[in-house]
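*Asks:* What follows is input.txt, compact mmCIF, C-alpha atoms.
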```
# COMPACT_ATOMS: atom_id res chain seq x y z
CA VAL A 4 21.49 -19.99 3.91
CA TYR A 5 22.16 -22.11 0.87
CA LEU A 6 19.44 -22.56 -1.76
CA SER A 7 19.32 -25.59 -4.03
CA LYS A 8 18.96 -24.85 -7.76
CA LYS A 9 15.84 -26.90 -8.42
CA PRO A 10 13.54 -25.81 -11.26
CA ILE A 11 10.73 -23.34 -10.54
CA ARG A 12 11.24 -23.28 -6.78
CA ARG A 13 14.16 -22.92 -4.41
CA TYR A 14 14.37 -24.72 -1.11
CA ILE A 15 16.46 -24.15 2.01
CA THR A 16 18.62 -27.24 2.25
CA GLU A 17 20.98 -26.36 5.08
CA ILE A 18 22.19 -23.48 7.27
CA LYS A 19 25.88 -22.96 7.88
CA THR A 20 28.15 -20.44 9.56
CA LEU A 21 29.60 -17.92 7.10
CA LYS A 22 33.15 -18.61 6.00
CA ASP A 23 35.72 -16.12 4.76
CA GLY A 24 34.69 -14.83 1.34
CA GLU A 25 30.99 -15.67 1.75
CA TYR A 26 28.39 -12.92 1.76
CA LEU A 27 26.23 -11.52 4.49
CA THR A 28 22.46 -11.75 4.39
CA ASN A 29 19.97 -9.49 6.09
CA CYS A 30 16.72 -11.16 7.16
CA ILE A 31 13.53 -9.31 6.28
CA GLN A 32 10.90 -9.54 9.02
CA VAL A 33 7.32 -10.32 8.06
CA ASP A 34 5.82 -10.42 11.55
CA SER A 35 5.73 -6.97 13.15
CA PRO A 36 3.44 -4.03 13.91
CA ASP A 37 3.22 -0.98 11.66
CA GLY A 38 6.46 -0.49 9.81
CA ILE A 39 8.15 0.86 6.69
CA TYR A 40 10.56 -1.52 4.98
CA LEU A 41 13.22 -0.03 2.70
CA ALA A 42 15.19 -2.55 0.67
CA GLY A 43 17.93 -2.12 -1.90
CA ARG A 44 17.26 -2.80 -5.56
CA GLU A 45 17.73 -6.31 -7.00
CA PHE A 46 17.77 -8.07 -3.64
CA ILE A 47 17.55 -11.59 -5.02
CA PRO A 48 16.64 -14.19 -3.74
CA THR A 49 15.12 -12.24 -0.81
CA HIS A 50 13.11 -9.82 -2.94
CA ASN A 51 11.22 -7.46 -0.67
CA SER A 52 7.81 -7.78 -2.37
CA THR A 53 8.04 -11.57 -2.59
CA LEU A 54 8.66 -11.89 1.13
CA LEU A 55 6.70 -9.02 2.64
CA THR A 56 3.71 -8.74 0.32
CA ASN A 57 3.26 -12.26 -1.02
CA ALA A 58 4.55 -14.54 1.74
CA GLY A 59 3.78 -12.00 4.47
CA THR A 60 0.13 -11.79 3.50
CA MET A 61 -0.32 -15.55 3.73
CA TYR A 62 1.72 -15.73 6.93
CA LYS A 63 -0.55 -13.20 8.65
CA GLU A 64 -3.62 -15.28 7.77
CA ILE A 65 -1.96 -18.40 9.16
CA LYS A 66 -1.24 -16.65 12.45
CA SER A 67 -4.60 -14.90 12.75
CA HIS A 68 -7.58 -16.18 10.79
CA GLY A 69 -10.21 -14.03 9.14
CA ARG A 70 -8.03 -11.05 8.23
CA ARG A 71 -9.08 -8.59 5.53
CA GLN A 72 -5.88 -7.51 3.83
CA ALA A 73 -5.62 -4.86 1.12
CA ILE A 74 -2.62 -4.27 -1.13
CA PHE A 75 -2.16 -0.69 -2.32
CA SER A 76 0.23 0.24 -5.11
CA LEU A 77 0.67 3.48 -7.02
CA ASN A 78 -1.79 2.30 -9.66
CA ASN A 79 -4.24 -0.54 -10.12
CA SER A 80 -2.03 -2.42 -12.57
CA LEU A 81 0.85 -2.68 -10.09
CA ALA A 82 -1.46 -3.74 -7.26
CA LYS A 83 -3.00 -6.49 -9.37
CA LYS A 84 0.47 -7.86 -10.14
CA HIS A 85 1.13 -8.32 -6.44
CA LEU A 86 -2.20 -10.07 -5.96
CA ALA A 87 -1.49 -12.27 -8.99
CA GLY A 88 1.69 -13.47 -7.27
CA ILE A 89 -0.29 -14.54 -4.20
CA LYS A 90 -2.94 -16.23 -6.36
CA TYR A 91 -0.29 -18.15 -8.28
CA GLU A 92 1.38 -19.36 -5.10
CA CYS A 93 -1.94 -20.56 -3.69
CA GLU A 94 -2.79 -22.31 -6.95
CA SER A 95 0.57 -23.98 -7.53
CA ASN A 96 2.06 -24.66 -4.09
CA SER A 97 0.71 -28.04 -2.99
CA LEU A 98 2.34 -27.69 0.43
CA LEU A 99 0.00 -24.88 1.53
CA PRO A 100 -3.23 -26.96 1.76
CA LEU A 101 -1.23 -29.91 3.06
CA LEU A 102 0.20 -27.93 5.97
CA TRP A 103 -2.78 -25.62 6.59
CA PRO A 104 -5.87 -27.43 5.24
CA ASP A 105 -8.19 -25.18 7.26
CA ILE A 106 -6.92 -22.08 5.40
CA PHE A 107 -5.86 -22.89 1.85
CA TRP A 108 -7.91 -24.55 -0.88
CA SER A 109 -6.41 -27.61 -2.58
CA ASP A 110 -7.82 -26.28 -5.88
CA PRO A 111 -9.02 -22.68 -5.45
CA ARG A 112 -10.05 -22.28 -9.09
CA ARG A 113 -12.29 -25.32 -8.85
CA ALA A 114 -13.68 -24.09 -5.52
CA ALA A 115 -14.58 -20.83 -7.26
CA ARG A 116 -16.63 -22.79 -9.80
CA THR A 117 -18.26 -25.27 -7.46
CA ASP A 118 -18.46 -23.52 -4.08
CA GLY A 119 -18.86 -19.94 -5.20
CA ILE A 120 -15.80 -18.56 -3.43
CA ILE A 121 -14.27 -15.37 -4.79
CA TRP A 122 -11.05 -16.03 -6.67
CA THR A 123 -10.43 -13.25 -9.18
CA GLN A 124 -7.79 -10.72 -10.23
CA ASP A 125 -9.44 -8.22 -7.89
CA GLY A 126 -9.53 -10.34 -4.75
CA ILE A 127 -9.43 -13.82 -3.21
CA ASN A 128 -10.97 -15.66 -0.29
CA PHE A 129 -9.21 -18.15 1.94
CA LYS A 130 -11.27 -20.79 3.73
CA THR A 131 -11.07 -18.65 6.85
CA ALA A 132 -12.80 -15.60 5.32
CA THR A 133 -15.37 -14.20 7.74
CA SER A 134 -17.95 -13.97 4.95
CA ALA A 135 -18.19 -14.31 1.18
CA LYS A 136 -18.21 -10.55 0.68
CA ASP A 137 -15.24 -9.88 2.98
CA LEU A 138 -12.26 -10.69 0.76
CA SER A 139 -9.22 -12.18 2.45
CA VAL A 140 -6.88 -10.29 0.11
CA SER A 141 -7.72 -7.55 -2.37
CA ALA A 142 -5.70 -5.07 -4.44
CA PHE A 143 -6.19 -1.40 -5.34
CA GLY A 144 -4.44 1.46 -7.05
CA LEU A 145 -3.77 4.24 -4.55
CA ILE A 146 -4.19 6.94 -7.22
CA ASP A 147 -6.67 5.44 -9.68
CA ALA A 148 -8.75 2.83 -7.82
CA MET A 149 -9.24 3.87 -4.20
CA PRO A 150 -12.08 1.78 -2.71
CA THR A 151 -14.96 3.20 -0.70
CA GLY A 152 -17.04 1.64 2.05
CA GLN A 153 -14.50 -1.07 2.84
CA HIS A 154 -12.40 -1.53 5.95
CA PHE A 155 -9.32 -3.68 6.35
CA THR A 156 -7.38 -5.27 9.18
CA ASP A 157 -4.16 -4.87 7.18
CA LYS A 158 -3.08 -2.30 4.61
CA ILE A 159 0.04 -3.20 2.62
CA TYR A 160 1.54 -0.33 0.62
CA ASP A 161 3.94 -1.72 -1.98
CA ASP A 162 5.35 0.24 -4.95
CA ILE A 163 3.51 3.48 -4.14
CA ILE A 164 6.46 5.63 -5.22
CA ASP A 165 8.40 5.74 -8.47
CA LEU A 166 10.68 8.18 -10.27
CA ASN A 167 7.72 10.13 -11.70
CA ASN A 168 6.09 11.07 -8.41
CA THR A 169 9.32 12.31 -6.86
CA ALA A 170 9.91 14.92 -9.56
CA THR A 171 7.71 17.79 -8.34
CA PHE A 172 6.03 18.93 -5.14
CA ALA A 173 2.58 18.41 -6.70
CA MET A 174 3.34 14.79 -7.60
CA LYS A 175 4.66 14.04 -4.12
CA GLU A 176 1.60 15.62 -2.52
CA LYS A 177 -0.72 13.57 -4.75
CA VAL A 178 0.70 10.34 -3.37
CA LEU A 179 0.73 11.55 0.23
CA TYR A 180 -2.84 12.86 -0.05
CA ALA A 181 -4.06 9.51 -1.40
CA MET A 182 -2.26 7.67 1.38
CA ARG A 183 -3.79 9.93 4.04
CA MET A 184 -7.24 9.31 2.53
CA SER A 185 -6.65 5.55 2.67
CA ASP A 186 -6.32 5.81 6.45
CA ASN A 187 -10.13 5.88 6.57
CA LEU A 188 -10.18 2.35 5.18
CA GLY A 189 -8.78 0.86 8.38
CA ASP A 190 -10.67 -1.11 11.01
CA SER A 191 -11.30 1.43 13.77
CA HIS A 192 -12.81 -1.20 16.10
CA ASN A 193 -10.17 -3.92 15.94
CA GLY A 194 -7.18 -1.92 14.73
CA THR A 195 -5.26 -1.98 11.46
CA ILE A 196 -1.65 -2.89 10.74
CA ASP A 197 0.06 -0.79 8.06
CA THR A 198 3.06 -2.16 6.18
CA ILE A 199 4.93 0.02 3.70
CA ILE A 200 7.47 -1.52 1.34
CA GLY A 201 9.68 0.40 -1.04
CA THR A 202 13.00 1.81 -2.17
CA ARG A 203 14.27 5.35 -1.59
CA TYR A 204 14.69 7.80 -4.46
CA ASP A 205 16.02 10.93 -2.80
CA ALA A 206 16.22 12.73 0.53
CA ASP A 207 12.94 14.55 -0.12
CA ASP A 208 10.83 11.74 -1.56
CA PRO A 209 7.41 10.86 -0.05
CA TYR A 210 9.04 8.15 2.07
CA GLU A 211 10.91 10.87 3.96
CA THR A 212 7.61 12.51 4.91
CA ILE A 213 6.11 9.17 5.87
CA ILE A 214 9.09 8.36 8.10
CA LYS A 215 8.99 11.74 9.83
CA ASP A 216 5.24 12.22 10.19
CA TYR A 217 3.69 8.78 10.58
CA GLY A 218 5.73 7.34 13.41
CA TYR A 219 6.28 3.95 11.78
CA ARG A 220 9.20 1.78 12.77
CA VAL A 221 11.77 1.79 9.98
CA PHE A 222 13.54 -1.35 8.79
CA LYS A 223 16.40 -0.75 6.34
CA TYR A 224 18.05 -3.41 4.20
CA PRO A 225 21.02 -1.74 2.45
CA SER A 226 23.28 -3.40 -0.09
CA GLU A 227 26.40 -2.97 2.05
CA VAL A 228 26.92 -2.21 5.72
CA ASN A 229 29.54 -1.32 8.30
CA GLU A 230 30.24 -3.31 11.47
CA THR A 231 27.14 -1.89 13.19
CA GLY A 232 24.85 -2.82 10.30
CA GLU A 233 24.44 0.71 8.95
CA PHE A 234 24.86 1.58 5.27
CA GLU A 235 28.40 2.49 4.32
CA ILE A 236 30.01 2.67 0.90
CA GLY A 237 32.96 0.31 0.94
CA GLY A 238 31.43 -1.75 3.75
CA TYR A 239 30.54 -5.41 3.86
CA PRO A 240 28.51 -6.54 0.81
CA VAL A 241 25.04 -7.95 1.53
CA LEU A 242 23.94 -10.64 -0.97
CA MET A 243 25.82 -9.05 -3.90
CA THR A 244 29.54 -9.27 -4.56
CA ARG A 245 31.96 -6.41 -4.04
CA GLU A 246 32.58 -6.28 -7.79
CA VAL A 247 28.87 -5.91 -8.60
CA LEU A 248 28.39 -3.16 -6.04
CA ASP A 249 31.48 -1.26 -7.20
CA ASP A 250 30.19 -1.40 -10.76
CA LYS A 251 26.79 -0.06 -9.68
CA LEU A 252 28.40 2.76 -7.70
CA LYS A 253 30.46 3.73 -10.72
CA LYS A 254 27.43 3.79 -13.04
CA GLN A 255 24.91 5.32 -10.64
CA GLY A 256 27.04 7.82 -8.75
CA LYS A 257 26.94 8.29 -4.99
CA TYR A 258 23.59 10.12 -4.95
CA ILE A 259 21.50 7.47 -6.70
CA TYR A 260 23.52 4.59 -5.22
CA SER A 261 23.07 5.84 -1.65
CA ALA A 262 19.31 6.14 -2.16
CA GLN A 263 18.49 3.09 -4.28
CA MET A 264 21.07 0.64 -2.95
CA GLY A 265 21.77 2.02 0.52
CA GLN A 266 18.35 3.38 1.54
CA SER A 267 20.23 6.38 2.93
CA PRO A 268 19.75 9.18 0.39
CA LEU A 269 22.16 12.08 0.46
CA ASN A 270 21.13 15.72 0.73
CA PHE A 271 20.03 17.19 -2.60
CA LYS A 272 23.17 19.35 -2.72
CA SER A 273 25.19 16.17 -3.07
CA LYS A 274 23.32 15.13 -6.21
CA GLY A 275 25.53 14.28 -9.13
CA PHE A 276 27.21 11.52 -11.05
CA ASN A 277 30.47 11.45 -9.13
```
In structure tokens, how does this file's structure come out?
*Replies:*
Amino acid sequence: VYLSKKPIRRYITEIKTLKDGEYLTNCIQVDSPDGIYLAGREFIPTHNSTLLTNAGTMYKEIKSHGRRQAIFSLNNSLAKKHLAGIKYECESNSLLPLLWPDIFWSDPRRAARTDGIIWTQDGINFKTATSAKDLSVSAFGLIDAMPTGQHFTDKIYDDIIDLNNTATFAMKEKVLYAMRMSDNLGDSHNGTIDTIIGTRYDADDPYETIIKDYGYRVFKYPSEVNETGEFEIGGYPVLMTREVLDDKLKKQGKYIYSAQMGQSPLNFKSKGFN
């Protein structure tokens, strides 16, 4: 897929068969049941949060009207940043109301002033919201701003793990406990779709527990792969060049590189800088 270098936005202009020397891409799905998506760092232009959280949230509303989607991040500040990206796209992308006039407002900020819709840093309403109080998309900190008395058709967990909460058992358990508590915020009558988006830190990070205990389907998007599509150092580069990946491997070491770039963390005994 070739992207034109137009200011502000990029557009797909044509699709061609890969030639020798061109780089593989790995499509990130946005339409699926419960799943955990693990993507390598710096995956540009297909950044995992941009596709799965921002575009994916709008895509779900287009396919099924009246959804109540909640974005959960480690803290409230991170969650609000994801919501801000969706708000900005709805405010600046003139194609959305043109293509789906029954869902998107042509001027949501004006509609908030004149029609009383909710359009704030805490939550937004599409035209298809079931009621004024049921936000179409809202955002919460998993640790510091867990909501009560609300129930959602979709829970999107994005950036719930960082280097700090992988350091000790207590920190890991704090995240997992908050996530387990958030299960009560689902829609028990109609069902809830959980989507988890992140990057691995080590073989014993909270994602490992989530993968083993929750039964989610796992989608991995490593930075380089072998012929079967599995992560392999020295394999085929995905999006980045061989030179860039070799430089990252040299600086990060196999342990960090395998986790952050390959989404296949090594056993703790392998930890090191070589």
*Asks:* Rank A:Phe75, A:Tyr219, A:Tyr260, A:Tyr239 by their smallest atom-to-atom distance to Ile159 in chain A, using all atoms listed in the file, and report the top residue only.
*Replies:*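 Of A:Phe75, A:Tyr219, A:Tyr260, A:Tyr239, the one nearest Ile159 in chain A, counting all atoms listed in the file, is A:Phe75.
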*Asks:* Take the point (-11.8, -14.3, 6.9) as written in the file and pick out every residue within 10 Å of it, counting only C-alpha atoms; give the list as a PyMOL selection string.
*Replies:* chain A and resi 64+67-72+106+128-140
*Asks:* So that I can see what lies close to Gly237 in chain A, please list as a compact mmCIF listing (two decimals) with C-alpha atoms, keeping the file's coordinate frame the residues with an atom at most 12 Å from it, counting only C-alpha atoms and leaving out residues fewer than 5 positions away in the same chain.
*Replies:*
```txt
# COMPACT_ATOMS: atom_id res chain seq x y z
CA SER A 226 23.28 -3.40 -0.09
CA GLU A 227 26.40 -2.97 2.05
CA VAL A 228 26.92 -2.21 5.72
CA ASN A 229 29.54 -1.32 8.30
CA GLU A 230 30.24 -3.31 11.47
CA THR A 244 29.54 -9.27 -4.56
CA ARG A 245 31.96 -6.41 -4.04
CA GLU A 246 32.58 -6.28 -7.79
CA LEU A 248 28.39 -3.16 -6.04
CA ASP A 249 31.48 -1.26 -7.20
CA LEU A 252 28.40 2.76 -7.70
CA LYS A 257 26.94 8.29 -4.99
CA SER A 261 23.07 5.84 -1.65
CA GLY A 265 21.77 2.02 0.52
```
*Asks:* Within 7 Å of (-1.2, -4.4, 2.9), only C-alpha atoms: residues as a PyMOL selection string?
*Replies:* chain A and resi 72-75+157-160+197-198
*Asks:* Tell me, in Å to one decimal, how far CA of Trp103 in chain A is from CA of Ile65 in chain A.
*Replies:*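 Taking CA of Trp103 in chain A and CA of Ile65 in chain A, their separation equals 7.7 Å.
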*Asks:* Nearest to Tyr62 in chain A: which of A:Leu99, A:Ser141, A:Ala82, A:Ala114 is it, counting all atoms listed in the file?
*Replies:*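 The answer is A:Leu99, which sits nearest to Tyr62 in chain A.
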*Asks:* Please measure the separation of CA of Leu81 in chain A and CA of Ala115 in chain A, giving the value in Å to one decimal.
*Replies:*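 So the answer is 24.0 Å.
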*Asks:* Edge lengths and centre in Å to one decimal, as AutoDock Vina command-line options, of the axis-aligned box that encloses all listed atoms of range 135-142 of chain A with 5 Å added on every side?
*Replies:*
```
--center_x -12.0 --center_y -9.7 --center_z -0.7 --size_x 22.5 --size_y 19.2 --size_z 17.4
```
